[in-house]
$ cat my_file-v5.txt   # compact mmCIF, C-alpha atoms
# COMPACT_ATOMS: atom_id res chain seq x y z
CA MET A 136 -21.77 -8.91 -34.18
CA LEU A 137 -21.09 -12.07 -32.18
CA VAL A 138 -17.62 -13.59 -31.95
CA ASP A 139 -16.19 -16.35 -29.77
CA TYR A 140 -12.43 -15.99 -29.43
CA HIS A 141 -11.60 -18.41 -26.62
CA THR A 142 -12.34 -22.09 -27.31
CA HIS A 143 -10.47 -25.35 -26.75
CA PRO A 144 -10.90 -27.95 -29.51
CA ALA A 145 -8.59 -30.43 -27.75
CA CYS A 146 -10.30 -29.75 -24.40
CA HIS A 147 -7.62 -30.74 -21.85
CA GLY A 148 -6.04 -33.30 -24.12
CA GLU A 149 -8.83 -35.87 -23.90
CA VAL A 150 -10.20 -35.14 -27.38
CA GLN A 151 -8.77 -35.99 -30.80
CA VAL A 152 -9.07 -32.90 -32.98
CA ASN A 153 -10.00 -33.59 -36.60
CA GLU A 154 -12.13 -32.13 -39.35
CA HIS A 155 -15.31 -33.74 -37.99
CA LEU A 156 -14.87 -32.11 -34.58
CA LEU A 157 -14.17 -28.69 -36.09
CA VAL A 158 -17.27 -28.99 -38.28
CA ARG A 159 -19.38 -29.64 -35.18
CA MET A 160 -17.89 -26.56 -33.51
CA VAL A 161 -18.55 -24.36 -36.54
CA GLU A 162 -22.09 -25.70 -36.95
CA THR A 163 -22.87 -24.68 -33.36
CA ALA A 164 -21.33 -21.26 -33.96
CA LYS A 165 -23.28 -20.78 -37.19
CA ALA A 166 -26.57 -21.70 -35.51
CA LEU A 167 -25.95 -19.03 -32.85
CA GLY A 168 -25.06 -16.35 -35.38
CA ILE A 169 -21.38 -16.25 -34.44
CA LYS A 170 -19.40 -14.68 -37.29
CA GLU A 171 -15.86 -15.34 -36.07
CA LEU A 172 -14.70 -18.38 -34.12
CA GLY A 173 -11.27 -18.53 -32.52
CA LEU A 174 -9.57 -21.86 -31.84
CA SER A 175 -7.22 -21.34 -28.91
CA ASP A 176 -6.05 -24.53 -27.27
CA HIS A 177 -3.83 -24.41 -24.20
CA ASP A 178 -0.17 -23.93 -25.11
CA ARG A 179 0.82 -27.50 -24.18
CA LEU A 180 -1.76 -28.84 -26.67
CA PHE A 181 -1.27 -26.46 -29.59
CA TYR A 182 0.92 -28.91 -31.51
CA SER A 183 -1.20 -31.95 -30.66
CA TRP A 184 -3.26 -31.77 -33.86
CA ASP A 185 -2.71 -31.08 -37.54
CA LYS A 186 -3.83 -27.57 -38.48
CA GLU A 187 -4.28 -28.55 -42.14
CA CYS A 188 -7.85 -29.66 -41.42
CA LEU A 189 -8.67 -26.00 -40.77
CA GLU A 190 -8.56 -25.16 -44.46
CA ALA A 191 -11.15 -27.78 -45.40
CA VAL A 192 -13.53 -26.47 -42.74
CA ARG A 193 -12.93 -22.88 -43.82
CA ARG A 194 -13.89 -23.79 -47.38
CA GLU A 195 -17.05 -25.55 -46.19
CA PHE A 196 -18.17 -22.69 -43.93
CA PRO A 197 -17.05 -19.39 -45.47
CA GLU A 198 -19.74 -17.57 -43.50
CA VAL A 199 -17.90 -18.26 -40.21
CA LYS A 200 -14.35 -16.93 -40.08
CA LEU A 201 -12.05 -19.37 -38.31
CA ARG A 202 -9.14 -17.77 -36.45
CA LEU A 203 -6.19 -19.69 -35.06
CA GLY A 204 -4.96 -18.76 -31.60
CA VAL A 205 -3.38 -20.22 -28.49
CA GLU A 206 -3.82 -19.67 -24.76
CA VAL A 207 -0.45 -19.23 -23.09
CA SER A 208 -0.31 -19.70 -19.33
CA TYR A 209 2.29 -17.21 -18.17
CA GLY A 210 4.82 -18.71 -15.81
CA PRO A 211 8.51 -19.44 -15.26
CA SER A 212 11.17 -18.19 -17.64
CA SER A 213 11.63 -21.78 -18.84
CA ARG A 214 8.46 -21.29 -20.91
CA LEU A 215 9.92 -18.41 -22.90
CA GLU A 216 11.23 -20.69 -25.64
CA LEU A 217 7.71 -22.04 -26.21
CA ILE A 218 6.37 -18.48 -26.37
CA ARG A 219 9.02 -17.57 -28.96
CA ARG A 220 7.91 -20.54 -31.04
CA PHE A 221 4.31 -19.32 -31.03
CA LEU A 222 5.43 -15.85 -32.08
CA GLN A 223 7.03 -17.38 -35.17
CA GLU A 224 3.92 -19.30 -36.24
CA PRO A 225 2.93 -17.72 -39.59
CA GLU A 226 -0.73 -18.75 -39.30
CA MET A 227 -1.21 -17.47 -35.75
CA ASP A 228 -3.98 -14.89 -35.52
CA TYR A 229 -3.77 -14.10 -31.81
CA ILE A 230 -2.33 -15.15 -28.46
CA ILE A 231 -4.24 -15.18 -25.18
CA CYS A 232 -2.17 -14.39 -22.09
CA SER A 233 -3.53 -15.91 -18.89
CA VAL A 234 -2.49 -17.15 -15.45
CA HIS A 235 -3.60 -20.48 -13.96
CA SER A 236 -1.18 -20.90 -11.07
CA ILE A 237 0.66 -19.02 -8.33
CA ASP A 238 4.05 -20.36 -7.24
CA GLY A 239 3.18 -23.79 -8.59
CA TRP A 240 -0.28 -23.90 -7.00
CA SER A 241 -3.01 -24.48 -9.62
CA PHE A 242 -5.73 -22.38 -8.04
CA ASP A 243 -8.32 -23.39 -10.65
CA GLU A 244 -8.16 -27.13 -9.87
CA VAL A 245 -10.86 -28.64 -7.64
CA ASP A 246 -8.38 -31.01 -6.01
CA GLN A 247 -6.24 -28.06 -4.85
CA LEU A 248 -8.90 -26.05 -3.07
CA GLU A 249 -7.08 -26.34 0.25
CA GLY A 250 -4.55 -23.88 -1.13
CA TYR A 251 -7.02 -21.05 -0.58
CA ASP A 252 -6.81 -21.58 3.18
CA ARG A 253 -3.21 -20.41 3.11
CA TRP A 254 -4.07 -16.95 1.76
CA GLU A 255 -5.55 -13.77 3.11
CA PRO A 256 -8.07 -12.81 0.38
CA ASP A 257 -6.62 -9.45 -0.67
CA GLU A 258 -3.08 -10.82 -0.69
CA LEU A 259 -4.19 -13.67 -2.93
CA TYR A 260 -5.69 -11.23 -5.41
CA ARG A 261 -2.56 -9.07 -5.34
CA ALA A 262 -0.36 -12.12 -5.98
CA TYR A 263 -2.55 -13.26 -8.87
CA TYR A 264 -2.71 -9.82 -10.48
CA SER A 265 1.04 -9.38 -10.00
CA ASN A 266 1.66 -12.56 -12.02
CA LEU A 267 -0.80 -11.48 -14.69
CA GLU A 268 0.76 -8.02 -14.88
CA ARG A 269 4.18 -9.56 -15.51
CA GLY A 270 2.70 -11.60 -18.32
CA VAL A 271 1.07 -8.53 -19.84
CA ARG A 272 4.27 -6.49 -19.61
CA HIS A 273 6.23 -9.34 -21.20
CA GLY A 274 4.44 -8.27 -24.37
CA PHE A 275 3.75 -11.53 -26.17
CA GLY A 276 -0.06 -11.56 -25.91
CA ASP A 277 -2.94 -9.93 -27.75
CA ILE A 278 -5.83 -10.80 -25.43
CA VAL A 279 -5.88 -11.09 -21.64
CA GLY A 280 -7.80 -14.23 -20.72
CA HIS A 281 -10.44 -14.45 -17.94
CA LEU A 282 -8.95 -11.46 -16.14
CA ASP A 283 -10.37 -12.07 -12.64
CA VAL A 284 -10.47 -15.89 -12.80
CA ILE A 285 -9.00 -15.99 -9.28
CA LYS A 286 -12.62 -15.61 -8.08
CA LEU A 287 -13.48 -18.96 -9.73
CA PHE A 288 -14.49 -20.71 -6.49
CA ASP A 289 -16.22 -17.57 -5.17
CA TYR A 290 -13.25 -16.65 -2.98
CA ARG A 291 -13.76 -12.89 -2.81
CA PRO A 292 -11.45 -10.06 -1.75
CA LYS A 293 -12.22 -7.75 1.15
CA SER A 294 -11.11 -4.65 -0.76
CA ASP A 295 -12.60 -3.04 -3.87
CA PRO A 296 -12.01 -5.52 -6.75
CA VAL A 297 -11.47 -2.67 -9.22
CA LYS A 298 -8.72 -1.12 -7.13
CA LEU A 299 -6.99 -4.49 -6.79
CA ALA A 300 -7.12 -4.92 -10.57
CA MET A 301 -5.88 -1.42 -11.42
CA PRO A 302 -2.14 -2.26 -11.73
CA VAL A 303 -2.81 -4.91 -14.36
CA LEU A 304 -5.43 -2.75 -16.09
CA SER A 305 -2.88 0.04 -16.37
CA ALA A 306 -0.36 -2.40 -17.86
CA ILE A 307 -2.97 -3.66 -20.34
CA ARG A 308 -3.67 -0.11 -21.49
CA GLU A 309 0.03 0.72 -21.76
CA ARG A 310 0.79 -2.42 -23.78
CA GLY A 311 -2.28 -2.02 -25.99
CA LEU A 312 -3.85 -5.40 -25.21
CA THR A 313 -7.49 -6.48 -25.38
CA VAL A 314 -9.55 -7.88 -22.50
CA GLU A 315 -11.97 -10.71 -23.18
CA ILE A 316 -15.38 -10.88 -21.57
CA ASN A 317 -15.35 -14.57 -20.79
CA ALA A 318 -18.74 -16.16 -20.12
CA ASN A 319 -17.37 -19.41 -18.69
CA GLY A 320 -17.53 -18.10 -15.14
CA LEU A 321 -21.29 -18.57 -15.34
CA ASN A 322 -20.63 -22.32 -15.48
CA LYS A 323 -18.39 -22.21 -12.39
CA PRO A 324 -19.06 -21.88 -8.63
CA VAL A 325 -18.71 -18.08 -8.85
CA ARG A 326 -21.65 -17.89 -11.31
CA GLU A 327 -20.34 -14.67 -12.82
CA ILE A 328 -18.63 -13.62 -16.03
CA TYR A 329 -14.92 -12.75 -16.11
CA PRO A 330 -14.23 -9.96 -15.39
CA GLU A 331 -17.07 -8.66 -13.24
CA GLN A 332 -19.21 -5.77 -14.46
CA ALA A 333 -17.41 -3.09 -12.45
CA ILE A 334 -14.06 -4.07 -13.99
CA ILE A 335 -15.59 -4.11 -17.49
CA GLU A 336 -16.83 -0.58 -16.86
CA GLN A 337 -13.36 0.43 -15.69
CA CYS A 338 -11.91 -1.04 -18.89
CA PHE A 339 -14.31 1.12 -20.89
CA ALA A 340 -13.34 4.20 -18.90
CA MET A 341 -9.68 3.46 -19.68
CA ASP A 342 -10.39 2.88 -23.40
CA ILE A 343 -9.29 -0.77 -23.23
CA PRO A 344 -10.74 -2.82 -26.14
CA ILE A 345 -12.73 -5.96 -25.40
CA THR A 346 -13.73 -9.12 -27.22
CA LEU A 347 -16.18 -11.93 -26.39
CA SER A 348 -15.60 -15.58 -25.54
CA SER A 349 -17.29 -18.68 -24.18
CA ASP A 350 -14.12 -20.56 -23.18
CA GLY A 351 -15.93 -23.57 -24.61
CA HIS A 352 -14.26 -26.98 -24.27
CA SER A 353 -16.63 -28.93 -26.52
CA PRO A 354 -18.74 -28.28 -29.63
CA GLU A 355 -21.80 -27.98 -27.40
CA ASP A 356 -20.11 -25.26 -25.32
CA ILE A 357 -19.42 -22.93 -28.24
CA GLY A 358 -21.17 -19.61 -27.71
CA ARG A 359 -22.65 -20.60 -24.34
CA HIS A 360 -23.80 -17.51 -22.40
CA LEU A 361 -22.25 -15.28 -25.07
CA ASN A 362 -25.40 -13.16 -25.02
CA VAL A 363 -24.70 -12.35 -21.34
CA ALA A 364 -21.15 -11.28 -22.22
CA LYS A 365 -22.46 -9.07 -25.02
CA GLU A 366 -25.04 -7.47 -22.73
CA ALA A 367 -22.35 -6.73 -20.14
CA ALA A 368 -20.20 -5.05 -22.78
CA TRP A 369 -23.12 -2.99 -24.04
CA LYS A 370 -24.10 -1.96 -20.51
CA ALA A 371 -20.54 -0.73 -19.88
CA GLY A 372 -20.74 1.47 -22.98
CA TYR A 373 -18.96 -0.65 -25.60
CA ARG A 374 -20.26 -0.48 -29.15
CA ARG A 375 -17.27 -2.13 -30.87
CA ILE A 376 -15.31 -5.30 -30.17
CA ALA A 377 -11.90 -6.55 -31.22
CA THR A 378 -11.21 -9.32 -33.74
CA PHE A 379 -7.80 -10.53 -34.90
CA GLU A 380 -6.09 -11.60 -38.09
CA LYS A 381 -2.39 -12.48 -38.20
CA ARG A 382 -1.80 -10.71 -34.86
CA ARG A 383 -3.46 -7.54 -36.15
CA ARG A 384 -6.42 -6.17 -34.19
CA LEU A 385 -9.51 -5.16 -36.16
CA MET A 386 -12.43 -3.38 -34.50
CA VAL A 387 -15.98 -4.29 -35.57
CA GLN A 388 -19.47 -3.29 -34.48
CA LEU A 389 -20.78 -5.12 -31.44
$ encode --input "my_file-v5.txt" --output "C-alpha cells"
Amino acid sequence: MLVDYHTHPACHGEVQVNEHLLVRMVETAKALGIKELGLSDHDRLFYSWDKECLEAVRREFPEVKLRLGVEVSYGPSSRLELIRRFLQEPEMDYIICSVHSIDGWSFDEVDQLEGYDRWEPDELYRAYYSNLERGVRHGFGDIVGHLDVIKLFDYRPKSDPVKLAMPVLSAIRERGLTVEINANGLNKPVREIYPEQAIIEQCFAMDIPITLSSDGHSPEDIGRHLNVAKEAAWKAGYRRIATFEKRRRLMVQL
C-alpha cells in the first residue's frame, strides 16, 4: 500500500490553498495509486487556509483518504504555546516533529551554507541529533520528519552515521514514535532518501515503525520517488507501515 504522509499544500506560504489545489494534489495521488494522503503544512502556515474545503474534496475522492497533519519545527520554549494549540485541534490526525535550525542557524537554507564552515562534521551531527532528541522526548509528535536531513547539502560525518543517530533512535523507540522514509532527499544535493538505508535498517532492528512520504510542495511533487522509499523499507525488512487517524497509529500492509 502506498501512502504519502508529508506534503505541503501552502508550500512556503507562496500558494493559496483552496479546493482546486487540493483536487490537483489528490488527482496526482490517485494516479500513482496512493491510498492515503497527508496534508502537513509547516506550523507557521497551518492556520493560513480554511480546512472546510477538505470535506468537499473528501466527498469527491473517497478512494483516497485525506489526513490532516502539521509539521512542527522543534525549537525554543516560546513555541510551546503553538504546540499546545495543535494538540487541541479536534481534526488533527498526526503531528510531524522535525528540526530545521541549530541555535538560530537555518542549516537547510541555501543562503546560509557558510554556517557549515563553522562546524566539525561529527559535532554538527551531534548538535542536530541532540535538538531532535529533545523534540522527540517532549512527546508532542507522532512522526519524526526527515531524520537525517542535516546531510542535505552532502555534508557528511566522519563517524558511523548509525552510531551518531542512536541516541535519537533510542528516544524514538522509548516514546513510541514513527520514522518517515522521506524521498525528498533525492531532489536535493545529497541525492539520497532520509534517513539513509543503514539507519532504516537500524530502525527495523529496533522495531521502530515507519511510514512513507514525498515531502511534496506542489501537486506535481506528490508521490515523487515514493517507489524508492517503499523499496528501501522493503529491503530493510518492513512489511507494514504506519498510518494515522485522530492521533491514533494504524498499521497496514506495505
$ residues_near_point --input "my_file-v5.txt" --point "(-21.6, -2.5, -23.0)" --cutoff "12 Å" --atoms "all atoms listed in the file" --output "MDAnalysis selection string"
chainID A and resid 316 332:340 344:347 362:376 388:389
$ closest_residue --input "my_file-v5.txt" --among "A:Thr378, A:Asn322, A:Gln223, A:Ser175" --to "Gly280 of chain A" --atoms "all atoms listed in the file"
A:Ser175
$ residues_near_point --input "my_file-v5.txt" --point "(-5.1, -3.5, -27.1)" --cutoff "9 Å" --atoms "only C-alpha atoms" --output "list in words"
Asp277, Ile278, Ile307, Arg308, Glu309, Arg310, Gly311, Leu312, Thr313, Val314, Ile343, Pro344, Ile345, Ala377 and Arg384 of chain A
$ atom_distance --input "my_file-v5.txt" --atom1 "atom CA of Phe181 of chain A" --atom2 "atom CA of Gly210 of chain A"
16.9 Å
$ residues_around --input "my_file-v5.txt" --residues "segment 272-275 of chain A" --least-positions-apart "5" --cutoff "12 Å" --atoms "only C-alpha atoms" --output "PyMOL selection string"
chain A and resi 205-212+215-223+229-233+264-267+302-312+382
$ residues_around --input "my_file-v5.txt" --residues "Met227 of chain A" --least-positions-apart "2" --cutoff "7 Å" --atoms "only C-alpha atoms" --output "short mmCIF file (atom, residue, chain, number, x, y, z; two decimals) with C-alpha atoms, in the coordinates of the input"
data_model
loop_
_atom_site.label_atom_id
_atom_site.label_comp_id
_atom_site.auth_asym_id
_atom_site.auth_seq_id
_atom_site.Cartn_x
_atom_site.Cartn_y
_atom_site.Cartn_z
CA LEU A 203 -6.19 -19.69 -35.06
CA GLY A 204 -4.96 -18.76 -31.60
CA GLU A 224 3.92 -19.30 -36.24
CA PRO A 225 2.93 -17.72 -39.59
CA TYR A 229 -3.77 -14.10 -31.81
CA LYS A 381 -2.39 -12.48 -38.20
CA ARG A 382 -1.80 -10.71 -34.86
#
$ closest_residue --input "my_file-v5.txt" --among "A:Ser294, A:Leu299, A:Lys200, A:His177" --to "Leu137 of chain A" --atoms "only C-alpha atoms"
A:Lys200
$ closest_residue --input "my_file-v5.txt" --among "A:Glu355, A:Leu361, A:Lys286, A:Arg291" --to "Lys323 of chain A" --atoms "all atoms listed in the file"
A:Lys286
$ closest_residue --input "my_file-v5.txt" --among "A:Ala300, A:Val158, A:Cys188, A:Val199" --to "Gly173 of chain A" --atoms "all atoms listed in the file"
A:Val199
$ atom_distance --input "my_file-v5.txt" --atom1 "atom CA of Ala145 of chain A" --atom2 "atom CA of Tyr263 of chain A"
26.2 Å
$ residues_around --input "my_file-v5.txt" --residues "Leu180 of chain A" --least-positions-apart "4" --cutoff "8 Å" --atoms "all atoms listed in the file" --output "CSV table (one decimal) with C-alpha atoms, in the coordinates of the input"
chain,number,residue,atom,x,y,z
A,145,ALA,CA,-8.6,-30.4,-27.8
A,147,HIS,CA,-7.6,-30.7,-21.8
A,148,GLY,CA,-6.0,-33.3,-24.1
A,176,ASP,CA,-6.0,-24.5,-27.3
A,184,TRP,CA,-3.3,-31.8,-33.9
$ atom_distance --input "my_file-v5.txt" --atom1 "atom CA of Tyr260 of chain A" --atom2 "atom CA of Arg326 of chain A"
18.3 Å
$ build_atoms --input "my_file-v5.txt" --residues "segment 175-211 of chain A" --atoms "N, CA and C atoms" --output "short mmCIF file (atom, residue, chain, number, x, y, z; two decimals), keeping the file's coordinate frame"
data_model
loop_
_atom_site.label_atom_id
_atom_site.label_comp_id
_atom_site.auth_asym_id
_atom_site.auth_seq_id
_atom_site.Cartn_x
_atom_site.Cartn_y
_atom_site.Cartn_z
N SER A 175 -8.34 -21.77 -29.75
CA SER A 175 -7.22 -21.34 -28.91
C SER A 175 -6.91 -22.36 -27.82
N ASP A 176 -6.40 -23.50 -28.25
CA ASP A 176 -6.05 -24.53 -27.27
C ASP A 176 -4.98 -24.04 -26.30
N HIS A 177 -4.90 -24.70 -25.14
CA HIS A 177 -3.83 -24.41 -24.20
C HIS A 177 -2.48 -24.65 -24.86
N ASP A 178 -1.48 -23.89 -24.43
CA ASP A 178 -0.17 -23.93 -25.11
C ASP A 178 0.41 -25.34 -25.21
N ARG A 179 0.23 -26.16 -24.18
CA ARG A 179 0.82 -27.50 -24.18
C ARG A 179 0.16 -28.42 -25.21
N LEU A 180 -1.02 -28.00 -25.73
CA LEU A 180 -1.76 -28.84 -26.67
C LEU A 180 -1.78 -28.28 -28.09
N PHE A 181 -1.18 -27.12 -28.29
CA PHE A 181 -1.27 -26.46 -29.59
C PHE A 181 -0.76 -27.35 -30.71
N TYR A 182 0.32 -28.07 -30.47
CA TYR A 182 0.92 -28.91 -31.51
C TYR A 182 0.41 -30.35 -31.49
N SER A 183 -0.68 -30.59 -30.78
CA SER A 183 -1.20 -31.95 -30.66
C SER A 183 -2.09 -32.36 -31.83
N TRP A 184 -2.43 -31.40 -32.70
CA TRP A 184 -3.26 -31.77 -33.86
C TRP A 184 -2.83 -31.00 -35.10
N ASP A 185 -3.14 -31.59 -36.24
CA ASP A 185 -2.71 -31.08 -37.54
C ASP A 185 -3.62 -29.94 -37.97
N LYS A 186 -3.05 -28.76 -38.14
CA LYS A 186 -3.83 -27.57 -38.48
C LYS A 186 -4.29 -27.56 -39.94
N GLU A 187 -3.86 -28.53 -40.73
CA GLU A 187 -4.28 -28.55 -42.14
C GLU A 187 -5.78 -28.77 -42.29
N CYS A 188 -6.41 -29.41 -41.31
CA CYS A 188 -7.85 -29.66 -41.42
C CYS A 188 -8.64 -28.35 -41.31
N LEU A 189 -8.00 -27.30 -40.84
CA LEU A 189 -8.67 -26.00 -40.77
C LEU A 189 -9.12 -25.51 -42.14
N GLU A 190 -8.26 -25.70 -43.13
CA GLU A 190 -8.56 -25.16 -44.46
C GLU A 190 -9.80 -25.80 -45.05
N ALA A 191 -9.96 -27.10 -44.87
CA ALA A 191 -11.15 -27.78 -45.40
C ALA A 191 -12.41 -27.23 -44.75
N VAL A 192 -12.37 -27.00 -43.45
CA VAL A 192 -13.53 -26.47 -42.74
C VAL A 192 -13.80 -25.03 -43.15
N ARG A 193 -12.75 -24.26 -43.36
CA ARG A 193 -12.93 -22.88 -43.82
C ARG A 193 -13.62 -22.83 -45.18
N ARG A 194 -13.26 -23.75 -46.05
CA ARG A 194 -13.89 -23.79 -47.38
C ARG A 194 -15.36 -24.18 -47.27
N GLU A 195 -15.68 -25.08 -46.34
CA GLU A 195 -17.05 -25.55 -46.19
C GLU A 195 -17.96 -24.52 -45.53
N PHE A 196 -17.38 -23.68 -44.67
CA PHE A 196 -18.17 -22.69 -43.93
C PHE A 196 -17.57 -21.29 -44.09
N PRO A 197 -17.64 -20.72 -45.27
CA PRO A 197 -17.05 -19.39 -45.47
C PRO A 197 -17.75 -18.30 -44.68
N GLU A 198 -18.99 -18.58 -44.23
CA GLU A 198 -19.74 -17.57 -43.50
C GLU A 198 -19.28 -17.41 -42.04
N VAL A 199 -18.47 -18.36 -41.56
CA VAL A 199 -17.90 -18.26 -40.21
C VAL A 199 -16.38 -18.19 -40.35
N LYS A 200 -15.79 -17.07 -39.99
CA LYS A 200 -14.35 -16.93 -40.08
C LYS A 200 -13.67 -17.69 -38.94
N LEU A 201 -12.80 -18.62 -39.31
CA LEU A 201 -12.05 -19.37 -38.31
C LEU A 201 -10.71 -18.70 -38.08
N ARG A 202 -10.42 -18.39 -36.82
CA ARG A 202 -9.14 -17.77 -36.45
C ARG A 202 -8.36 -18.75 -35.58
N LEU A 203 -7.05 -18.78 -35.80
CA LEU A 203 -6.19 -19.69 -35.06
C LEU A 203 -5.45 -18.93 -33.96
N GLY A 204 -5.63 -19.39 -32.73
CA GLY A 204 -4.96 -18.76 -31.60
C GLY A 204 -4.39 -19.80 -30.66
N VAL A 205 -3.90 -19.34 -29.53
CA VAL A 205 -3.38 -20.22 -28.49
C VAL A 205 -3.52 -19.49 -27.16
N GLU A 206 -3.79 -20.25 -26.10
CA GLU A 206 -3.82 -19.67 -24.76
C GLU A 206 -2.52 -20.03 -24.06
N VAL A 207 -1.74 -19.02 -23.75
CA VAL A 207 -0.45 -19.23 -23.09
C VAL A 207 -0.59 -18.92 -21.61
N SER A 208 -0.30 -19.90 -20.78
CA SER A 208 -0.31 -19.70 -19.33
C SER A 208 1.04 -19.11 -18.93
N TYR A 209 1.04 -17.86 -18.52
CA TYR A 209 2.29 -17.21 -18.17
C TYR A 209 2.88 -17.83 -16.91
N GLY A 210 4.18 -18.07 -16.95
CA GLY A 210 4.82 -18.71 -15.81
C GLY A 210 6.32 -18.53 -15.84
N PRO A 211 7.05 -19.53 -15.38
CA PRO A 211 8.51 -19.44 -15.26
C PRO A 211 9.19 -19.11 -16.58
#
